[in-house]
$ cat protein-v9.cif   # mmCIF, C-alpha atoms and all ligand atoms
data_start
#
loop_
_atom_site.label_atom_id
_atom_site.label_comp_id
_atom_site.auth_asym_id
_atom_site.auth_seq_id
_atom_site.Cartn_x
_atom_site.Cartn_y
_atom_site.Cartn_z
CA MET A 1 98.21 111.87 110.50
CA ASP A 2 99.83 109.19 112.62
CA ARG A 3 103.20 109.43 114.32
CA HIS A 4 105.10 106.19 114.65
CA PRO A 5 108.37 105.03 116.27
CA GLY A 6 111.47 106.47 114.65
CA GLY A 7 109.60 109.71 114.04
CA ILE A 8 107.91 108.22 110.99
CA ILE A 9 104.79 110.13 110.00
CA GLN A 10 102.15 108.28 108.06
CA PHE A 11 99.16 109.93 106.49
CA ASP A 12 96.27 109.03 104.26
CA THR A 13 96.11 110.43 100.71
CA LEU A 14 92.33 109.84 100.71
CA LEU A 15 92.32 108.34 97.22
CA ALA A 16 88.94 109.14 95.67
CA GLY A 17 87.83 110.23 99.14
CA ILE A 18 88.23 106.71 100.51
CA THR A 19 90.17 106.32 103.73
CA GLY A 20 92.74 103.59 104.17
CA MET A 21 93.48 103.04 100.46
CA THR A 22 96.84 104.68 99.89
CA GLY A 23 99.28 105.98 102.47
CA VAL A 24 102.33 108.20 102.34
CA HIS A 25 105.25 108.17 104.76
CA VAL A 26 107.57 110.92 105.93
CA VAL A 27 111.04 110.22 107.32
CA PRO A 28 112.03 113.27 109.40
CA GLY A 29 115.51 114.77 109.61
CA ASP A 30 117.73 117.60 108.37
CA GLN A 31 116.85 116.45 104.87
CA PRO A 32 113.38 114.99 105.25
CA ALA A 33 111.96 112.56 102.75
CA VAL A 34 108.46 111.67 101.68
CA ILE A 35 108.12 108.12 100.42
CA ASP A 36 105.56 107.92 97.61
CA CYS A 37 103.00 110.65 97.14
CA GLY A 38 99.70 109.21 95.95
CA THR A 39 97.70 110.08 92.88
CA GLN A 40 97.66 113.52 91.28
CA THR A 41 94.09 113.91 92.57
CA SER A 42 95.54 113.64 96.10
CA ALA A 43 98.24 116.27 95.55
CA VAL A 44 96.51 119.00 97.58
CA THR A 45 95.87 116.57 100.43
CA VAL A 46 99.53 115.52 100.43
CA VAL A 47 100.93 119.06 100.26
CA ASP A 48 98.64 120.10 103.12
CA ALA A 49 99.66 117.07 105.18
CA LEU A 50 103.35 117.79 104.66
CA ALA A 51 102.76 121.37 105.80
CA ALA A 52 100.89 120.08 108.85
CA ALA A 53 103.87 117.84 109.56
CA GLY A 54 105.99 120.99 109.78
CA ILE A 55 107.72 120.71 106.41
CA ALA A 56 108.02 124.15 104.81
CA PRO A 57 108.25 124.53 101.01
CA ASP A 58 112.04 124.82 101.08
CA ASP A 59 112.51 122.01 103.60
CA LEU A 60 111.59 118.85 101.76
CA ALA A 61 114.80 117.27 100.43
CA TRP A 62 113.56 114.03 98.85
CA ILE A 63 110.53 112.69 97.08
CA VAL A 64 111.29 108.97 96.99
CA LEU A 65 109.12 106.79 94.74
CA THR A 66 108.88 103.03 95.25
CA HIS A 67 107.66 102.74 91.66
CA VAL A 68 105.98 104.76 88.93
CA HIS A 69 102.41 103.54 89.13
CA LEU A 70 100.12 106.54 89.36
CA ASP A 71 98.79 105.65 92.81
CA HIS A 72 102.37 106.15 94.03
CA CYS A 73 103.85 108.80 91.74
CA GLY A 74 100.88 110.72 90.30
CA ALA A 75 101.33 113.67 92.65
CA ALA A 76 105.13 113.77 92.23
CA GLY A 77 105.10 116.55 89.61
CA ASP A 78 102.81 118.73 91.71
CA LEU A 79 104.94 118.04 94.79
CA ALA A 80 108.14 118.88 92.93
CA ARG A 81 106.62 122.29 92.15
CA ALA A 82 105.38 122.85 95.70
CA PHE A 83 108.75 121.81 97.18
CA PRO A 84 111.26 123.36 94.76
CA ARG A 85 114.39 122.06 96.52
CA ALA A 86 113.29 118.43 96.61
CA THR A 87 115.00 115.81 94.48
CA VAL A 88 112.91 112.95 93.13
CA VAL A 89 114.53 109.56 93.76
CA VAL A 90 113.39 106.74 91.47
CA HIS A 91 114.61 103.53 89.80
CA PRO A 92 116.40 104.24 86.49
CA ARG A 93 113.63 102.42 84.60
CA GLY A 94 111.06 104.73 86.17
CA ALA A 95 112.82 108.02 85.52
CA PRO A 96 111.91 108.41 81.81
CA HIS A 97 108.21 108.17 82.69
CA LEU A 98 108.53 111.12 85.07
CA VAL A 99 110.22 113.29 82.44
CA ASP A 100 107.66 112.34 79.78
CA PRO A 101 104.57 110.87 81.46
CA ALA A 102 102.36 110.61 78.36
CA ARG A 103 102.72 106.87 77.77
CA LEU A 104 102.42 105.96 81.45
CA VAL A 105 99.30 108.09 81.86
CA ALA A 106 97.69 106.79 78.65
CA GLY A 107 98.37 103.17 79.61
CA THR A 108 96.97 103.69 83.11
CA HIS A 109 93.84 105.39 81.82
CA ALA A 110 93.31 102.58 79.32
CA LEU A 111 93.44 100.10 82.20
CA PHE A 112 91.17 102.05 84.57
CA GLY A 113 88.68 103.42 82.04
CA ARG A 114 85.95 105.53 83.62
CA LEU A 115 87.78 105.48 86.98
CA SER A 116 90.63 107.46 85.43
CA PRO A 117 89.39 110.93 86.49
CA ALA A 118 89.63 109.81 90.11
CA ILE A 119 93.30 108.92 89.53
CA GLY A 120 94.40 111.89 87.46
CA GLY A 121 97.62 112.13 85.50
CA LEU A 122 101.18 113.17 86.27
CA ALA A 123 102.84 116.55 85.73
CA ALA A 124 106.20 116.19 83.96
CA ILE A 125 109.29 116.57 86.13
CA PRO A 126 112.48 118.18 84.76
CA ALA A 127 115.28 115.61 84.42
CA GLU A 128 117.60 117.71 86.56
CA ARG A 129 115.24 117.27 89.53
CA ILE A 130 115.52 113.47 89.30
CA ARG A 131 118.10 111.16 90.84
CA GLU A 132 118.17 107.65 89.44
CA ALA A 133 118.75 105.25 92.32
CA ALA A 134 120.94 102.18 92.00
CA ASP A 135 120.44 99.19 94.27
CA GLY A 136 122.22 99.98 97.54
CA ASP A 137 122.26 103.78 97.08
CA LEU A 138 121.88 105.84 100.23
CA VAL A 139 119.48 108.77 100.56
CA ALA A 140 120.89 110.96 103.34
CA ILE A 141 118.30 112.07 105.89
CA SER A 142 120.49 113.40 108.72
CA PRO A 143 123.88 112.55 110.22
CA GLY A 144 123.68 108.85 111.08
CA ARG A 145 120.41 108.30 109.28
CA ALA A 146 119.87 107.33 105.65
CA LEU A 147 117.44 105.39 103.52
CA ARG A 148 119.06 102.52 101.64
CA VAL A 149 117.55 101.76 98.24
CA VAL A 150 116.75 98.06 97.89
CA TRP A 151 115.62 97.03 94.44
CA THR A 152 112.60 94.75 94.77
CA PRO A 153 111.31 93.92 91.27
CA GLY A 154 108.21 91.79 90.76
CA HIS A 155 105.16 94.03 91.22
CA ALA A 156 106.91 96.07 88.52
CA ARG A 157 110.39 95.68 87.10
CA HIS A 158 111.39 99.04 88.52
CA HIS A 159 109.97 98.58 92.02
CA MET A 160 112.23 99.45 94.93
CA SER A 161 111.89 99.40 98.70
CA LEU A 162 113.60 101.63 101.24
CA LEU A 163 115.40 100.57 104.40
CA ASP A 164 115.75 103.11 107.20
CA GLU A 165 118.98 101.56 108.45
CA ALA A 166 119.15 103.38 111.77
CA GLU A 167 115.67 102.24 112.78
CA GLY A 168 115.34 98.92 110.96
CA ILE A 169 112.22 100.15 109.19
CA VAL A 170 111.34 98.92 105.70
CA PHE A 171 109.00 100.75 103.35
CA ALA A 172 107.98 98.01 100.95
CA GLY A 173 105.63 99.84 98.57
CA ASP A 174 103.57 97.07 96.95
CA ALA A 175 106.25 94.33 96.99
CA VAL A 176 104.79 92.34 99.88
CA GLY A 177 101.12 92.89 99.16
CA VAL A 178 98.17 94.96 100.16
CA GLN A 179 96.31 94.92 103.45
CA LEU A 180 93.08 96.86 103.35
CA GLY A 181 90.20 97.58 105.68
CA GLY A 182 91.21 95.12 108.37
CA GLY A 183 91.61 92.24 105.91
CA GLU A 184 94.59 89.96 105.53
CA MET A 185 97.70 90.63 103.43
CA TYR A 186 96.93 89.75 99.81
CA PRO A 187 99.12 90.17 96.73
CA SER A 188 98.97 93.15 94.38
CA ILE A 189 99.69 91.74 90.92
CA PRO A 190 98.94 94.38 88.30
CA PRO A 191 99.71 94.42 84.60
CA PRO A 192 101.83 94.97 82.62
CA GLU A 193 105.07 93.83 84.28
CA TYR A 194 104.21 91.49 87.17
CA ASP A 195 106.76 88.67 87.43
CA VAL A 196 106.27 86.10 90.18
CA ASP A 197 109.85 84.77 90.12
CA ALA A 198 111.26 88.26 90.57
CA ALA A 199 108.66 88.99 93.26
CA LEU A 200 109.58 85.91 95.27
CA ALA A 201 113.30 86.71 95.04
CA SER A 202 112.53 90.24 96.25
CA LEU A 203 110.61 88.87 99.24
CA ASP A 204 113.68 86.81 100.15
CA VAL A 205 115.71 90.02 100.05
CA LEU A 206 113.20 91.84 102.26
CA GLU A 207 113.13 88.93 104.70
CA GLY A 208 116.93 89.07 104.88
CA LEU A 209 116.72 92.69 106.03
CA ARG A 210 114.91 91.42 109.16
CA PRO A 211 112.81 94.57 109.45
CA ALA A 212 111.75 95.62 112.92
CA ARG A 213 108.86 97.47 111.31
CA LEU A 214 107.34 97.18 107.86
CA TYR A 215 105.07 99.62 106.07
CA VAL A 216 103.03 98.83 102.96
CA SER A 217 101.60 101.59 100.78
CA HIS A 218 98.10 100.14 101.00
CA PHE A 219 97.90 100.53 103.96
CA GLY A 220 100.16 101.25 106.89
CA PRO A 221 102.33 99.27 109.28
CA VAL A 222 101.93 95.51 109.47
CA ALA A 223 101.65 93.78 112.83
CA ASP A 224 104.42 91.24 112.26
CA PRO A 225 106.88 91.96 109.42
CA ALA A 226 108.31 88.43 109.12
CA GLU A 227 104.85 86.90 109.09
CA ALA A 228 103.60 89.41 106.51
CA ILE A 229 106.53 88.73 104.19
CA ASP A 230 106.04 84.97 104.53
CA LEU A 231 102.33 85.30 103.83
CA GLY A 232 103.03 87.46 100.78
CA ARG A 233 105.52 84.89 99.51
CA ARG A 234 103.21 81.88 99.95
CA ALA A 235 100.30 83.71 98.36
CA GLN A 236 102.25 84.93 95.34
CA ALA A 237 103.88 81.52 94.81
CA ALA A 238 100.48 79.79 94.89
CA MET A 239 98.81 82.33 92.63
CA GLY A 240 101.71 82.36 90.16
CA ASP A 241 101.72 78.56 89.91
CA ALA A 242 97.96 78.48 89.45
CA ALA A 243 98.11 81.10 86.69
CA ARG A 244 100.76 79.18 84.79
CA ARG A 245 98.80 75.93 85.11
CA ALA A 246 95.55 77.57 84.00
CA HIS A 247 97.31 79.14 81.03
CA ARG A 248 98.64 75.73 79.95
CA GLU A 249 95.28 74.01 80.34
CA ALA A 250 92.93 76.75 79.15
CA PRO A 251 94.94 79.51 77.48
CA GLY A 252 93.18 82.85 77.23
CA ASP A 253 90.20 81.78 79.37
CA PRO A 254 89.79 84.41 82.10
CA GLY A 255 87.13 82.37 83.91
CA ALA A 256 89.43 79.35 84.21
CA LEU A 257 92.23 81.60 85.40
CA GLN A 258 90.06 83.12 88.12
CA VAL A 259 88.82 79.73 89.34
CA ALA A 260 92.37 78.37 89.47
CA VAL A 261 93.84 81.38 91.26
CA ASP A 262 91.00 81.63 93.79
CA ALA A 263 91.31 77.89 94.52
CA ALA A 264 95.08 78.13 94.96
CA TRP A 265 94.89 81.07 97.36
CA PRO A 266 91.31 81.87 98.40
CA PRO A 267 90.86 85.61 98.78
CA ALA A 268 88.17 85.22 101.42
CA GLU A 269 90.47 86.04 104.32
CA ALA A 270 91.81 89.15 102.61
CA LEU A 271 88.27 90.29 101.87
CA ARG A 272 86.55 89.13 105.00
CA THR A 273 85.20 92.53 105.99
CA PRO A 274 82.96 94.87 104.01
CA ASP A 275 85.65 97.54 104.53
CA ALA A 276 88.24 95.35 102.84
CA LEU A 277 85.97 94.37 99.96
CA LEU A 278 85.04 98.01 99.33
CA ARG A 279 88.68 98.99 99.01
CA TRP A 280 89.74 95.99 96.95
CA THR A 281 87.02 96.62 94.40
CA ALA A 282 86.88 100.45 94.32
CA PHE A 283 89.62 100.55 91.66
CA ASN A 284 89.22 97.05 90.20
CA TRP A 285 92.34 95.84 91.98
CA LEU A 286 91.09 92.25 92.17
CA ASP A 287 90.35 92.17 88.44
CA ASN A 288 93.71 93.81 87.74
CA ASN A 289 95.42 90.99 89.64
CA LEU A 290 94.00 88.54 87.13
CA LEU A 291 95.13 90.73 84.24
CA GLY A 292 98.60 90.84 85.76
CA LEU A 293 98.77 87.06 86.09
CA GLN A 294 97.42 86.53 82.58
CA GLY A 295 99.93 88.99 81.18
CA MET A 296 102.75 87.17 82.95
CA ALA A 297 101.68 83.77 81.60
CA GLU A 298 101.39 85.13 78.06
CA ARG A 299 104.77 86.85 78.29
CA GLU A 300 106.40 83.65 79.48
CA GLU A 301 104.83 81.73 76.61
CA ARG A 302 106.18 84.28 74.10
CA GLN A 303 109.64 83.98 75.67
CA ARG A 304 109.54 80.18 75.29
CA ALA A 305 108.46 80.41 71.66
ZN ZN B 401 100.06 100.65 94.67
#
$ encode --input "protein-v9.cif" --output "structure tokens"
Amino acid sequence: MDRHPGGIIQFDTLLAGITGMTGVHVVPGDQPAVIDCGTQTSAVTVVDALAAAGIAPDDLAWIVLTHVHLDHCGAAGDLARAFPRATVVVHPRGAPHLVDPARLVAGTHALFGRLSPAIGGLAAIPAERIREAADGDLVAISPGRALRVVWTPGHARHHMSLLDEAEGIVFAGDAVGVQLGGGEMYPSIPPPEYDVDAALASLDVLEGLRPARLYVSHFGPVADPAEAIDLGRRAQAAMGDAARRAHREAPGDPGALQVAVDAAWPPAEALRTPDALLRWTAFNWLDNNLLGLQGMAEREERQRA
């Protein structure tokens, strides 16, 4: 557990026992919040970490989810039971999946195949425990401190970031990218909803917030927020363009897509250490990026037709 400026507590959910894959953040106050909560298989780790951070079962006020992918929301149902006064804050498009997780869980398990047991599912959350967050909503933490909801679609249509206005801290979920094992920031572009145009617009919004500090879910604070956002933008623009071009020239050819995307934005820097490569490949995230780009190109073609 790491304590950061502004009282932010960051801890590791130890996804599949691997350090530095998926982090969770706590914003302290009269009404403390946890931002994202990891997979269901990490629920015990997360509950224990919150207890170690001094948050008693009746204390946690908010479980804020940047988006409803299971590496961010899988433990939310278990947490809602362990912290019975907490309200789950989520984008309106995400809320139905928390009330009835069957389709989300089935789709995720279809994508991850034999890795699915390491991810787990999601326990349903009663609708009355959920607050659907509009863009600009405030989540009250203590007098003078709130988290502002900033919708940042792209990674998923329902992705949102959180701005700790008092401290100038942004929690960007997966909107900027992923920085693992000492590697460089590199985009996270999963199926089924990735949309590069929306992602780039969201990065402009995040840049406009001028964050003093920026946390990504995978993993931790970035050294220079403006530089990280700019890198995420250039990488996603290059990869999105390459995917569209490859789809025009060789539709449905995954090999051509991979060659084009890797040439447009070589992943070598992101993967330059064995630690980074281990984490990028443990859950097929590199392959999923290609699936996300391919899905986007196919969706755009259907919309043109
Ligand atoms: Zn993620």
$ closest_residue --input "protein-v9.cif" --among "A:Ala56, A:Ala297, A:Val89, A:Ala198" --to "Arg233 in chain A" --atoms "only C-alpha atoms"
A:Ala198
$ atom_distance --input "protein-v9.cif" --atom1 "CA of Gly23 in chain A" --atom2 "CA of Gly208 in chain A"
24.6 Å
$ atom_distance --input "protein-v9.cif" --atom1 "CA of Gly154 in chain A" --atom2 "CA of Ser188 in chain A"
10.0 Å
$ closest_residue --input "protein-v9.cif" --among "A:His109, A:Arg81, A:His25, A:Arg304" --to "Asp164 in chain A" --atoms "all atoms listed in the file"
A:His25
$ residues_around --input "protein-v9.cif" --residues "Ala172 in chain A" --least-positions-apart "2" --cutoff "9 Å" --atoms "all atoms listed in the file" --output "list in words"
Thr66, Thr152, Met160, Ser161, Leu162, Leu163, Val170, Asp174, Ala175, Val176, Gly177, Leu206, Leu214, Tyr215, Val216 and Ser217 of chain A
$ closest_residue --input "protein-v9.cif" --among "A:Gly38, A:Gly292, A:Gly17, A:Gly168" --to "ligand ZN 401 (chain B)" --atoms "only C-alpha atoms and all ligand atoms"
A:Gly38
$ residues_near_ligand --input "protein-v9.cif" --ligand "ligand ZN 401 (chain B)" --cutoff "7 Å" --atoms "only C-alpha atoms and all ligand atoms" --output "PyMOL selection string"
chain A and resi 69+71-72+173-174+217-218
$ closest_residue --input "protein-v9.cif" --among "A:Val26, A:Ala102, A:Gln294, A:Arg213" --to "Asp241 in chain A" --atoms "only C-alpha atoms"
A:Gln294
$ closest_residue --input "protein-v9.cif" --among "A:Gly136, A:Pro254, A:Pro266, A:Pro32" --to "Met239 in chain A" --atoms "only C-alpha atoms"
A:Pro266
$ atom_distance --input "protein-v9.cif" --atom1 "CA of Leu200 in chain A" --atom2 "CA of His155 in chain A"
10.1 Å
$ closest_residue --input "protein-v9.cif" --among "A:Ile229, A:Ala268, A:Ile125, A:Ala243" --to "Glu300 in chain A" --atoms "all atoms listed in the file"
A:Ala243
$ residues_around --input "protein-v9.cif" --residues "Asp262 in chain A" --least-positions-apart "6" --cutoff "12 Å" --atoms "all atoms listed in the file" --output "PyMOL selection string"
chain A and resi 186+235-236+238-243+246+255-256+268-270+286-287+289-290
$ residues_near_point --input "protein-v9.cif" --point "(109.0, 107.5, 114.3)" --cutoff "12 Å" --atoms "all atoms listed in the file" --output "ChimeraX atom specification"
/A:2-10,25-29,164,166-169,213,221
$ residues_near_point --input "protein-v9.cif" --point "(83.4, 110.0, 91.9)" --cutoff "9 Å" --atoms "only C-alpha atoms" --output "list in words"
Ala16, Gly17, Leu115, Pro117 and Ala118 of chain A
$ residues_around --input "protein-v9.cif" --residues "Ala226 in chain A" --least-positions-apart "5" --cutoff "8 Å" --atoms "all atoms listed in the file" --output "short mmCIF file (atom, residue, chain, number, x, y, z; two decimals) with C-alpha atoms, in the coordinates of the input"
data_model
loop_
_atom_site.label_atom_id
_atom_site.label_comp_id
_atom_site.auth_asym_id
_atom_site.auth_seq_id
_atom_site.Cartn_x
_atom_site.Cartn_y
_atom_site.Cartn_z
CA GLU A 207 113.13 88.93 104.70
CA ARG A 210 114.91 91.42 109.16
CA PRO A 211 112.81 94.57 109.45
#
$ build_atoms --input "protein-v9.cif" --residues "range 284-296 of chain A" --atoms "N, CA and C atoms" --output "mmCIF file, in the coordinates of the input"
data_model
loop_
_atom_site.group_PDB
_atom_site.id
_atom_site.type_symbol
_atom_site.label_atom_id
_atom_site.label_comp_id
_atom_site.auth_asym_id
_atom_site.auth_seq_id
_atom_site.Cartn_x
_atom_site.Cartn_y
_atom_site.Cartn_z
ATOM 1 N N ASN A 284 89.060 98.293 90.988
ATOM 2 C CA ASN A 284 89.220 97.050 90.200
ATOM 3 C C ASN A 284 90.506 96.298 90.516
ATOM 4 N N TRP A 285 91.031 96.448 91.726
ATOM 5 C CA TRP A 285 92.340 95.840 91.980
ATOM 6 C C TRP A 285 92.300 94.315 91.904
ATOM 7 N N LEU A 286 91.168 93.719 92.284
ATOM 8 C CA LEU A 286 91.090 92.250 92.170
ATOM 9 C C LEU A 286 91.131 91.818 90.712
ATOM 10 N N ASP A 287 90.349 92.499 89.878
ATOM 11 C CA ASP A 287 90.350 92.170 88.440
ATOM 12 C C ASP A 287 91.733 92.424 87.844
ATOM 13 N N ASN A 288 92.385 93.508 88.283
ATOM 14 C CA ASN A 288 93.710 93.810 87.740
ATOM 15 C C ASN A 288 94.720 92.730 88.109
ATOM 16 N N ASN A 289 94.547 92.107 89.282
ATOM 17 C CA ASN A 289 95.420 90.990 89.640
ATOM 18 C C ASN A 289 95.361 89.892 88.584
ATOM 19 N N LEU A 290 94.146 89.588 88.134
ATOM 20 C CA LEU A 290 94.000 88.540 87.130
ATOM 21 C C LEU A 290 94.636 88.954 85.808
ATOM 22 N N LEU A 291 94.484 90.229 85.459
ATOM 23 C CA LEU A 291 95.130 90.730 84.240
ATOM 24 C C LEU A 291 96.648 90.637 84.354
ATOM 25 N N GLY A 292 97.157 90.929 85.547
ATOM 26 C CA GLY A 292 98.600 90.840 85.760
ATOM 27 C C GLY A 292 99.107 89.420 85.609
ATOM 28 N N LEU A 293 98.368 88.471 86.180
ATOM 29 C CA LEU A 293 98.770 87.060 86.090
ATOM 30 C C LEU A 293 98.669 86.563 84.645
ATOM 31 N N GLN A 294 97.592 86.948 83.971
ATOM 32 C CA GLN A 294 97.420 86.530 82.580
ATOM 33 C C GLN A 294 98.532 87.095 81.703
ATOM 34 N N GLY A 295 98.850 88.371 81.946
ATOM 35 C CA GLY A 295 99.930 88.990 81.180
ATOM 36 C C GLY A 295 101.256 88.286 81.394
ATOM 37 N N MET A 296 101.502 87.890 82.643
ATOM 38 C CA MET A 296 102.750 87.170 82.950
ATOM 39 C C MET A 296 102.793 85.836 82.201
#
